[in-house]
Amino acid sequence: METKTRPYDELLTLLREASLLGGTASILSWDQETMMPSAAVGYRAQQMAQLSGLIHRMATDPRIGELLDRCEADDDMTSDPDAAAILRETRHHYERATKLPAELVTERAEVRARAQHEWQEARQDDDFERFRPWLERNLELARRVADHYGWEAEPWDALADGYERGMTAASVEAVFTPLRDRLRELLATLMDGPRRPDERFAAHELPVDAQRAFVRRVAERIGFDFSRGRLDESTHPFCGGSHRDDVRMTTRFRPDGFLDSLAATMHEAGHGIYEQGIPSELMLTPIGGAASLGIHESQSRMWENQVGRSEGFWRWCWPLVEEHFGSAVDGFTWEAAHHAANVVRPSLIRVEADEATYNMHIMIRFELERALMNGSLAAADVPDAWNERYREYLDVEVPDDTRGCLQDIHWAFGGFGYFPTYTLGNLYCAQLFEAACEQVPGLVEGFARGEFGPLKQWLNDNVHAHGGRHEPKDLCERVTGKPLSADPLLRHLEGKLRPLYGV
Ligand code: ZN
């Protein structure tokens, strides 16, 4: 027995060392976004490069491969669920880290850096032709990378698997197509509806200091533990940090952007509550984190949308709004805030999109990048294909490529396969939330009394407690009893938006 467990213990030790160093690097990245003086950027870049090189060497140590082989051949290991999950995750990451030839990794890094620079210039000058050759090179590299990883149905799958385990283009299409078709119908119905929600509160100016105190209070109330985390400010809100007891999230403030700050804070707090809920016994192992990017996003979206845009939430927090902002909110009511938080408007820019139309932006990108990877769409034809879909799905005219196909950085850094995780997050979110409502009586009614503990506890028990033990689709089936479907998200959007638009 002793000789059998020894390789597993040695493997866990090597993985723990790499994980400790990874957590250290995360704190440095957080610092870079929030606190670091701007002149420090040069040395910090060298420090980060040194650290990531070291972490990569540790993660690709051939000894890990040898130990994995031995553990996988050991029935005691593979019959223990946690050990089996740890071996599965380690195998996945080790294979992906070691399958690419060094020259390809270097070439990809160089092309990506150059492509991002060209994309920035192209976006600024509305000059797609400038970016086109770099998009082509990124695609060619992405296909080579996919071939090294290996794929069955189509090359996109090999890249997507790096962002969301088990995700394939076919599985995404199966949920996205019904979502797209029914969302188009819903949007058309809403836009033709007789009523419009009251938008006045959306851009109402409020003092930033009071906003800062207010959003912190909400984050605390929904269950973010400030003794194990922080809330700071950065241009683009994010949630990072080192581990479950040191979660660093950020938000941003603008006098006329109160609802944006609140939504961003609740979103990042959702990510943070997930991290804080990972069981300590899983820490520093390959399953001591989220199940996937999509599941992570389901947690942030739930607090942002299912809670933060609900009627109950606004009924509860309006007296607090009045307490924090005083006469600055005179003339407004909780209904006005609830309306302003739920306006739907088809638009051009993904990152500014509302809860309902956001998913259309993602589906358009998915359809295009899948076609690009398969070679059925040429890079040169992207602007036309993009504009056509925006016309068809969102009924908006794209005036230029800056506000069209050049708006996102993802294809410039070669991140094909990433976009769907955003909408998968919304889908997982709605399905998990329905399950929570079924299992916890009075859950939504409690929001109006400021009772968010039951939802947090349910998420702790059903999602967070598993860490990365299960692949996302397995976790979804386990918790909700059903495979992922578009129905819960559509029910959520229709149930909320139809009354607001009088349809
Ligand atoms: Zn997020």
# chains A, B, ... in the order shown; residues from 1 in each chain; ligands from 1

call {"tool": "closest_atom_pairs", "arguments": {"of": "chain A", "to": "ligand 1", "cutoff": "8 Å", "atoms": "only C-alpha atoms and all ligand atoms", "output": "JSON lines"}}
result
{"residue": "A:Phe238", "atom": "CA", "partner": "ligand 1", "partner_atom_place_in_ligand_line": "1 (Zn)", "distance": 7.1}
{"residue": "A:Cys239", "atom": "CA", "partner": "ligand 1", "partner_atom_place_in_ligand_line": "1 (Zn)", "distance": 7.8}
{"residue": "A:His267", "atom": "CA", "partner": "ligand 1", "partner_atom_place_in_ligand_line": "1 (Zn)", "distance": 6.3}
{"residue": "A:Glu268", "atom": "CA", "partner": "ligand 1", "partner_atom_place_in_ligand_line": "1 (Zn)", "distance": 6.4}
{"residue": "A:His271", "atom": "CA", "partner": "ligand 1", "partner_atom_place_in_ligand_line": "1 (Zn)", "distance": 6.7}
{"residue": "A:His296", "atom": "CA", "partner": "ligand 1", "partner_atom_place_in_ligand_line": "1 (Zn)", "distance": 7.2}
{"residue": "A:Glu297", "atom": "CA", "partner": "ligand 1", "partner_atom_place_in_ligand_line": "1 (Zn)", "distance": 4.9}
{"residue": "A:Ser300", "atom": "CA", "partner": "ligand 1", "partner_atom_place_in_ligand_line": "1 (Zn)", "distance": 5.7}
{"residue": "A:Arg301", "atom": "CA", "partner": "ligand 1", "partner_atom_place_in_ligand_line": "1 (Zn)", "distance": 7.2}
{"residue": "A:Tyr422", "atom": "CA", "partner": "ligand 1", "partner_atom_place_in_ligand_line": "1 (Zn)", "distance": 7.9}

call {"tool": "write_last_selection", "arguments": {"atoms": "N, CA, C and O atoms", "output": "PDB file, in the first residue's frame"}}
result
ATOM      1  N   PHE A 238     -12.890  43.113 -12.210  1.00  0.00           N
ATOM      2  CA  PHE A 238     -12.540  41.687 -12.293  1.00  0.00           C
ATOM      3  C   PHE A 238     -12.510  41.114 -10.889  1.00  0.00           C
ATOM      4  O   PHE A 238     -12.598  41.840  -9.900  1.00  0.00           O
ATOM      5  N   CYS A 239     -12.421  39.781 -10.824  1.00  0.00           N
ATOM      6  CA  CYS A 239     -12.267  39.121  -9.537  1.00  0.00           C
ATOM      7  C   CYS A 239     -11.061  38.210  -9.625  1.00  0.00           C
ATOM      8  O   CYS A 239     -11.005  37.316 -10.461  1.00  0.00           O
ATOM      9  N   HIS A 267     -21.800  41.380  -9.652  1.00  0.00           N
ATOM     10  CA  HIS A 267     -21.233  40.378 -10.557  1.00  0.00           C
ATOM     11  C   HIS A 267     -19.921  39.827  -9.978  1.00  0.00           C
ATOM     12  O   HIS A 267     -19.763  38.617  -9.806  1.00  0.00           O
ATOM     13  N   GLU A 268     -19.012  40.732  -9.656  1.00  0.00           N
ATOM     14  CA  GLU A 268     -17.703  40.281  -9.151  1.00  0.00           C
ATOM     15  C   GLU A 268     -17.849  39.622  -7.779  1.00  0.00           C
ATOM     16  O   GLU A 268     -17.133  38.669  -7.468  1.00  0.00           O
ATOM     17  N   HIS A 271     -18.608  36.046  -8.318  1.00  0.00           N
ATOM     18  CA  HIS A 271     -17.376  35.272  -8.549  1.00  0.00           C
ATOM     19  C   HIS A 271     -16.649  35.040  -7.223  1.00  0.00           C
ATOM     20  O   HIS A 271     -16.149  33.954  -6.945  1.00  0.00           O
ATOM     21  N   HIS A 296     -18.368  29.482 -13.405  1.00  0.00           N
ATOM     22  CA  HIS A 296     -17.969  30.695 -12.672  1.00  0.00           C
ATOM     23  C   HIS A 296     -18.890  31.849 -13.052  1.00  0.00           C
ATOM     24  O   HIS A 296     -19.416  32.573 -12.206  1.00  0.00           O
ATOM     25  N   GLU A 297     -19.088  31.993 -14.373  1.00  0.00           N
ATOM     26  CA  GLU A 297     -19.926  33.087 -14.867  1.00  0.00           C
ATOM     27  C   GLU A 297     -21.386  32.911 -14.420  1.00  0.00           C
ATOM     28  O   GLU A 297     -22.101  33.884 -14.231  1.00  0.00           O
ATOM     29  N   SER A 300     -21.655  34.662 -11.036  1.00  0.00           N
ATOM     30  CA  SER A 300     -21.636  36.127 -11.062  1.00  0.00           C
ATOM     31  C   SER A 300     -22.937  36.665 -11.645  1.00  0.00           C
ATOM     32  O   SER A 300     -23.507  37.635 -11.152  1.00  0.00           O
ATOM     33  N   ARG A 301     -23.420  36.011 -12.707  1.00  0.00           N
ATOM     34  CA  ARG A 301     -24.659  36.465 -13.345  1.00  0.00           C
ATOM     35  C   ARG A 301     -25.862  36.310 -12.417  1.00  0.00           C
ATOM     36  O   ARG A 301     -26.815  37.075 -12.485  1.00  0.00           O
ATOM     37  N   TYR A 422     -19.545  32.891 -22.021  1.00  0.00           N
ATOM     38  CA  TYR A 422     -20.356  33.958 -21.427  1.00  0.00           C
ATOM     39  C   TYR A 422     -21.843  33.569 -21.422  1.00  0.00           C
ATOM     40  O   TYR A 422     -22.539  33.713 -20.418  1.00  0.00           O
TER      41      TYR A 422
END

call {"tool": "residues_around", "arguments": {"residues": "A:Gly467", "least_positions_apart": "4", "cutoff": "8 Å", "atoms": "only C-alpha atoms", "output": "PyMOL selection string"}}
result
chain A and resi 278-279+282+287-291+463

call {"tool": "residues_around", "arguments": {"residues": "stretch 359-376 of chain A", "least_positions_apart": "4", "cutoff": "10 Å", "atoms": "only C-alpha atoms", "output": "PyMOL selection string"}}
result
chain A and resi 135-136+139-140+142-143+146+154-157+169+172-173+176-177+179-181+183-184+346-351+353-355+381-382+385-387+389-390+393-394+405+408+411+415-424+426-427

call {"tool": "closest_residue", "arguments": {"among": "A:Arg96, A:His56, A:Arg63, A:His464", "to": "A:Ile295", "atoms": "only C-alpha atoms"}}
result
A:His464

call {"tool": "residues_around", "arguments": {"residues": "A:Ala25", "least_positions_apart": "3", "cutoff": "10 Å", "atoms": "only C-alpha atoms", "output": "NGL selection string"}}
result
:A and (19-22 or 28-31 or 47-49 or 51-52 or 55 or 241-242)

call {"tool": "write_last_selection", "arguments": {"atoms": "N, CA, C and O atoms", "output": "PDB file, in the first residue's frame"}}
result
ATOM      1  N   SER A  19       0.831  25.366  -7.722  1.00  0.00           N
ATOM      2  CA  SER A  19      -0.346  26.129  -7.368  1.00  0.00           C
ATOM      3  C   SER A  19      -0.006  27.301  -6.441  1.00  0.00           C
ATOM      4  O   SER A  19      -0.541  28.405  -6.590  1.00  0.00           O
ATOM      5  N   LEU A  20       0.908  27.075  -5.499  1.00  0.00           N
ATOM      6  CA  LEU A  20       1.326  28.160  -4.596  1.00  0.00           C
ATOM      7  C   LEU A  20       1.961  29.297  -5.378  1.00  0.00           C
ATOM      8  O   LEU A  20       1.679  30.470  -5.141  1.00  0.00           O
ATOM      9  N   LEU A  21       2.802  28.933  -6.320  1.00  0.00           N
ATOM     10  CA  LEU A  21       3.470  29.960  -7.112  1.00  0.00           C
ATOM     11  C   LEU A  21       2.450  30.685  -8.016  1.00  0.00           C
ATOM     12  O   LEU A  21       2.535  31.899  -8.201  1.00  0.00           O
ATOM     13  N   GLY A  22       1.480  29.934  -8.530  1.00  0.00           N
ATOM     14  CA  GLY A  22       0.433  30.533  -9.367  1.00  0.00           C
ATOM     15  C   GLY A  22      -0.375  31.561  -8.591  1.00  0.00           C
ATOM     16  O   GLY A  22      -0.666  32.645  -9.090  1.00  0.00           O
ATOM     17  N   LEU A  28       0.249  39.503  -7.780  1.00  0.00           N
ATOM     18  CA  LEU A  28       1.004  40.516  -8.526  1.00  0.00           C
ATOM     19  C   LEU A  28       0.170  41.102  -9.669  1.00  0.00           C
ATOM     20  O   LEU A  28       0.241  42.297  -9.932  1.00  0.00           O
ATOM     21  N   SER A  29      -0.617  40.268 -10.356  1.00  0.00           N
ATOM     22  CA  SER A  29      -1.467  40.814 -11.440  1.00  0.00           C
ATOM     23  C   SER A  29      -2.526  41.735 -10.873  1.00  0.00           C
ATOM     24  O   SER A  29      -2.828  42.768 -11.463  1.00  0.00           O
ATOM     25  N   TRP A  30      -3.129  41.337  -9.737  1.00  0.00           N
ATOM     26  CA  TRP A  30      -4.120  42.209  -9.093  1.00  0.00           C
ATOM     27  C   TRP A  30      -3.477  43.557  -8.760  1.00  0.00           C
ATOM     28  O   TRP A  30      -4.039  44.619  -9.028  1.00  0.00           O
ATOM     29  N   ASP A  31      -2.276  43.495  -8.191  1.00  0.00           N
ATOM     30  CA  ASP A  31      -1.565  44.711  -7.812  1.00  0.00           C
ATOM     31  C   ASP A  31      -1.339  45.609  -9.027  1.00  0.00           C
ATOM     32  O   ASP A  31      -1.506  46.826  -8.968  1.00  0.00           O
ATOM     33  N   GLN A  47       9.220  40.568 -13.978  1.00  0.00           N
ATOM     34  CA  GLN A  47       8.903  39.694 -12.835  1.00  0.00           C
ATOM     35  C   GLN A  47       7.826  38.682 -13.220  1.00  0.00           C
ATOM     36  O   GLN A  47       7.929  37.491 -12.915  1.00  0.00           O
ATOM     37  N   MET A  48       6.805  39.163 -13.933  1.00  0.00           N
ATOM     38  CA  MET A  48       5.709  38.272 -14.321  1.00  0.00           C
ATOM     39  C   MET A  48       6.186  37.220 -15.320  1.00  0.00           C
ATOM     40  O   MET A  48       5.791  36.055 -15.241  1.00  0.00           O
ATOM     41  N   ALA A  49       7.049  37.646 -16.260  1.00  0.00           N
ATOM     42  CA  ALA A  49       7.555  36.692 -17.256  1.00  0.00           C
ATOM     43  C   ALA A  49       8.383  35.605 -16.565  1.00  0.00           C
ATOM     44  O   ALA A  49       8.281  34.417 -16.880  1.00  0.00           O
ATOM     45  N   LEU A  51       8.148  34.603 -13.451  1.00  0.00           N
ATOM     46  CA  LEU A  51       7.263  33.721 -12.685  1.00  0.00           C
ATOM     47  C   LEU A  51       6.484  32.770 -13.585  1.00  0.00           C
ATOM     48  O   LEU A  51       6.386  31.575 -13.298  1.00  0.00           O
ATOM     49  N   SER A  52       5.950  33.311 -14.692  1.00  0.00           N
ATOM     50  CA  SER A  52       5.133  32.402 -15.519  1.00  0.00           C
ATOM     51  C   SER A  52       6.005  31.351 -16.195  1.00  0.00           C
ATOM     52  O   SER A  52       5.559  30.211 -16.384  1.00  0.00           O
ATOM     53  N   ILE A  55       6.464  28.731 -13.530  1.00  0.00           N
ATOM     54  CA  ILE A  55       5.234  27.952 -13.330  1.00  0.00           C
ATOM     55  C   ILE A  55       5.038  26.977 -14.492  1.00  0.00           C
ATOM     56  O   ILE A  55       4.685  25.808 -14.296  1.00  0.00           O
ATOM     57  N   GLY A 241      -7.189  37.307  -7.138  1.00  0.00           N
ATOM     58  CA  GLY A 241      -6.734  36.972  -5.798  1.00  0.00           C
ATOM     59  C   GLY A 241      -5.964  35.685  -5.805  1.00  0.00           C
ATOM     60  O   GLY A 241      -5.656  35.134  -6.858  1.00  0.00           O
ATOM     61  N   SER A 242      -5.701  35.205  -4.613  1.00  0.00           N
ATOM     62  CA  SER A 242      -4.760  34.113  -4.485  1.00  0.00           C
ATOM     63  C   SER A 242      -5.444  32.794  -4.165  1.00  0.00           C
ATOM     64  O   SER A 242      -5.084  31.745  -4.683  1.00  0.00           O
TER      65      SER A 242
END

call {"tool": "closest_residue", "arguments": {"among": "A:Cys317, A:Leu406, A:Ala40, A:Ala113", "to": "A:Arg132", "atoms": "only C-alpha atoms"}}
result
A:Leu406

call {"tool": "closest_residue", "arguments": {"among": "A:Arg244, A:Arg221, A:Arg491, A:Arg88", "to": "A:Arg449", "atoms": "only C-alpha atoms"}}
result
A:Arg221

call {"tool": "select_by_dssp", "arguments": {"residues": "stretch 323-360 of chain A", "states": "alpha helix (DSSP H)", "output": "PyMOL selection string"}}
result
chain A and resi 323-325+334-340+358-360

call {"tool": "closest_residue", "arguments": {"among": "A:Ala210, A:Arg216, A:Glu233, A:Arg391", "to": "A:Val329", "atoms": "only C-alpha atoms"}}
result
A:Ala210

call {"tool": "closest_residue", "arguments": {"among": "A:Gly223, A:Pro62, A:Pro178, A:Gly453", "to": "A:Ala97", "atoms": "only C-alpha atoms"}}
result
A:Pro62

call {"tool": "closest_residue", "arguments": {"among": "A:Thr251, A:Arg196, A:Leu54, A:Leu490", "to": "A:Ala356", "atoms": "only C-alpha atoms"}}
result
A:Leu490

call {"tool": "select_by_dssp", "arguments": {"residues": "stretch 147-373 of chain A", "states": "strand (DSSP E)", "output": "list in words"}}
result
Gly229, Arg230, Leu231, Asp232, Glu233, Cys239, Gly240, Gly241, Ser242, His243, Asp246, Val247, Arg248, Met249, Thr250 and Thr251 of chain A

call {"tool": "write_last_selection", "arguments": {"atoms": "N, CA and C atoms", "output": "tab-separated table (two decimals), in the first residue's frame"}}
result
chain	number	residue	atom	x	y	z
A	229	GLY	N	-11.42	38.86	1.86
A	229	GLY	CA	-11.38	39.43	0.53
A	229	GLY	C	-11.42	40.95	0.57
A	230	ARG	N	-11.23	41.56	-0.60
A	230	ARG	CA	-11.21	43.01	-0.69
A	230	ARG	C	-12.02	43.46	-1.90
A	231	LEU	N	-12.45	44.74	-1.85
A	231	LEU	CA	-13.08	45.37	-3.01
A	231	LEU	C	-12.30	46.64	-3.31
A	232	ASP	N	-11.68	46.69	-4.48
A	232	ASP	CA	-10.94	47.88	-4.89
A	232	ASP	C	-11.47	48.37	-6.24
A	233	GLU	N	-10.73	49.26	-6.87
A	233	GLU	CA	-11.21	49.84	-8.13
A	233	GLU	C	-10.23	49.60	-9.26
A	239	CYS	N	-12.42	39.78	-10.82
A	239	CYS	CA	-12.27	39.12	-9.54
A	239	CYS	C	-11.06	38.21	-9.63
A	240	GLY	N	-10.07	38.48	-8.81
A	240	GLY	CA	-8.85	37.66	-8.82
A	240	GLY	C	-8.48	37.31	-7.40
A	241	GLY	N	-7.19	37.31	-7.14
A	241	GLY	CA	-6.73	36.97	-5.80
A	241	GLY	C	-5.96	35.69	-5.81
A	242	SER	N	-5.70	35.20	-4.61
A	242	SER	CA	-4.76	34.11	-4.49
A	242	SER	C	-5.44	32.79	-4.16
A	243	HIS	N	-6.44	32.83	-3.31
A	243	HIS	CA	-7.12	31.60	-2.88
A	243	HIS	C	-8.39	31.96	-2.12
A	246	ASP	N	-8.36	34.83	0.27
A	246	ASP	CA	-7.79	36.11	-0.16
A	246	ASP	C	-8.31	36.43	-1.57
A	247	VAL	N	-9.57	36.84	-1.62
A	247	VAL	CA	-10.24	37.11	-2.90
A	247	VAL	C	-10.20	38.61	-3.17
A	248	ARG	N	-9.64	39.01	-4.29
A	248	ARG	CA	-9.51	40.44	-4.62
A	248	ARG	C	-10.44	40.77	-5.78
A	249	MET	N	-11.49	41.51	-5.47
A	249	MET	CA	-12.37	41.92	-6.58
A	249	MET	C	-12.33	43.43	-6.73
A	250	THR	N	-12.73	43.88	-7.92
A	250	THR	CA	-12.71	45.31	-8.18
A	250	THR	C	-14.03	45.73	-8.82
A	251	THR	N	-14.29	47.02	-8.74
A	251	THR	CA	-15.42	47.60	-9.45
A	251	THR	C	-14.99	48.96	-9.98

call {"tool": "decode", "arguments": {"residues": "stretch 412-490 of chain A", "atoms": "C-alpha atoms", "output": "compact mmCIF listing (two decimals), in the first residue's frame"}}
result
# COMPACT_ATOMS: atom_id res chain seq x y z
CA ALA A 412 -6.68 39.39 -31.84
CA PHE A 413 -5.20 37.27 -29.06
CA GLY A 414 -6.30 34.08 -30.77
CA GLY A 415 -8.99 33.30 -28.19
CA PHE A 416 -11.25 31.29 -30.52
CA GLY A 417 -13.68 29.20 -28.45
CA TYR A 418 -13.90 31.66 -25.54
CA PHE A 419 -17.06 33.66 -26.36
CA PRO A 420 -19.67 30.93 -25.74
CA THR A 421 -18.61 30.63 -22.09
CA TYR A 422 -20.36 33.96 -21.43
CA THR A 423 -23.74 32.74 -22.66
CA LEU A 424 -23.21 29.27 -21.19
CA GLY A 425 -22.79 31.15 -17.91
CA ASN A 426 -26.22 32.78 -18.36
CA LEU A 427 -27.78 29.42 -19.29
CA TYR A 428 -26.23 27.55 -16.34
CA CYS A 429 -27.23 30.45 -14.12
CA ALA A 430 -30.91 30.34 -15.07
CA GLN A 431 -31.09 26.54 -14.80
CA LEU A 432 -29.35 26.48 -11.40
CA PHE A 433 -31.53 29.32 -10.14
CA GLU A 434 -34.72 27.49 -11.12
CA ALA A 435 -33.48 24.43 -9.24
CA ALA A 436 -32.71 26.58 -6.18
CA CYS A 437 -36.22 28.10 -6.31
CA GLU A 438 -37.78 24.63 -6.51
CA GLN A 439 -35.71 23.31 -3.63
CA VAL A 440 -35.86 26.31 -1.29
CA PRO A 441 -39.44 27.52 -0.69
CA GLY A 442 -39.83 31.29 -0.48
CA LEU A 443 -36.36 31.98 -1.89
CA VAL A 444 -37.33 34.85 -4.20
CA GLU A 445 -39.90 36.26 -1.75
CA GLY A 446 -37.07 36.58 0.79
CA PHE A 447 -35.16 39.03 -1.42
CA ALA A 448 -37.68 41.77 -0.56
CA ARG A 449 -36.73 41.29 3.10
CA GLY A 450 -33.01 41.33 2.34
CA GLU A 451 -32.75 37.59 2.91
CA PHE A 452 -30.02 36.38 0.58
CA GLY A 453 -28.49 33.80 2.92
CA PRO A 454 -30.71 30.91 1.71
CA LEU A 455 -29.53 31.37 -1.91
CA LYS A 456 -25.89 31.66 -0.88
CA GLN A 457 -26.19 28.55 1.29
CA TRP A 458 -27.82 26.59 -1.53
CA LEU A 459 -25.01 27.60 -3.89
CA ASN A 460 -22.40 26.73 -1.23
CA ASP A 461 -23.88 23.27 -0.79
CA ASN A 462 -24.76 22.44 -4.39
CA VAL A 463 -22.11 24.17 -6.49
CA HIS A 464 -19.20 25.57 -4.48
CA ALA A 465 -18.69 22.52 -2.26
CA HIS A 466 -17.78 20.42 -5.32
CA GLY A 467 -14.90 22.65 -6.42
CA GLY A 468 -13.63 21.21 -9.71
CA ARG A 469 -14.65 17.61 -8.99
CA HIS A 470 -17.17 17.47 -11.83
CA GLU A 471 -17.05 18.63 -15.41
CA PRO A 472 -19.54 21.48 -15.97
CA LYS A 473 -22.19 19.48 -17.85
CA ASP A 474 -22.06 16.72 -15.20
CA LEU A 475 -22.37 19.27 -12.39
CA CYS A 476 -25.40 20.80 -14.11
CA GLU A 477 -27.15 17.43 -14.47
CA ARG A 478 -26.27 16.42 -10.95
CA VAL A 479 -27.67 19.58 -9.39
CA THR A 480 -30.65 20.28 -11.65
CA GLY A 481 -31.45 16.72 -12.76
CA LYS A 482 -31.44 17.79 -16.43
CA PRO A 483 -28.96 18.49 -19.21
CA LEU A 484 -28.34 22.14 -20.05
CA SER A 485 -31.26 23.74 -21.90
CA ALA A 486 -32.25 27.17 -23.17
CA ASP A 487 -35.69 26.99 -21.54
CA PRO A 488 -34.91 28.31 -18.02
CA LEU A 489 -33.12 31.42 -19.37
CA LEU A 490 -36.00 32.13 -21.76
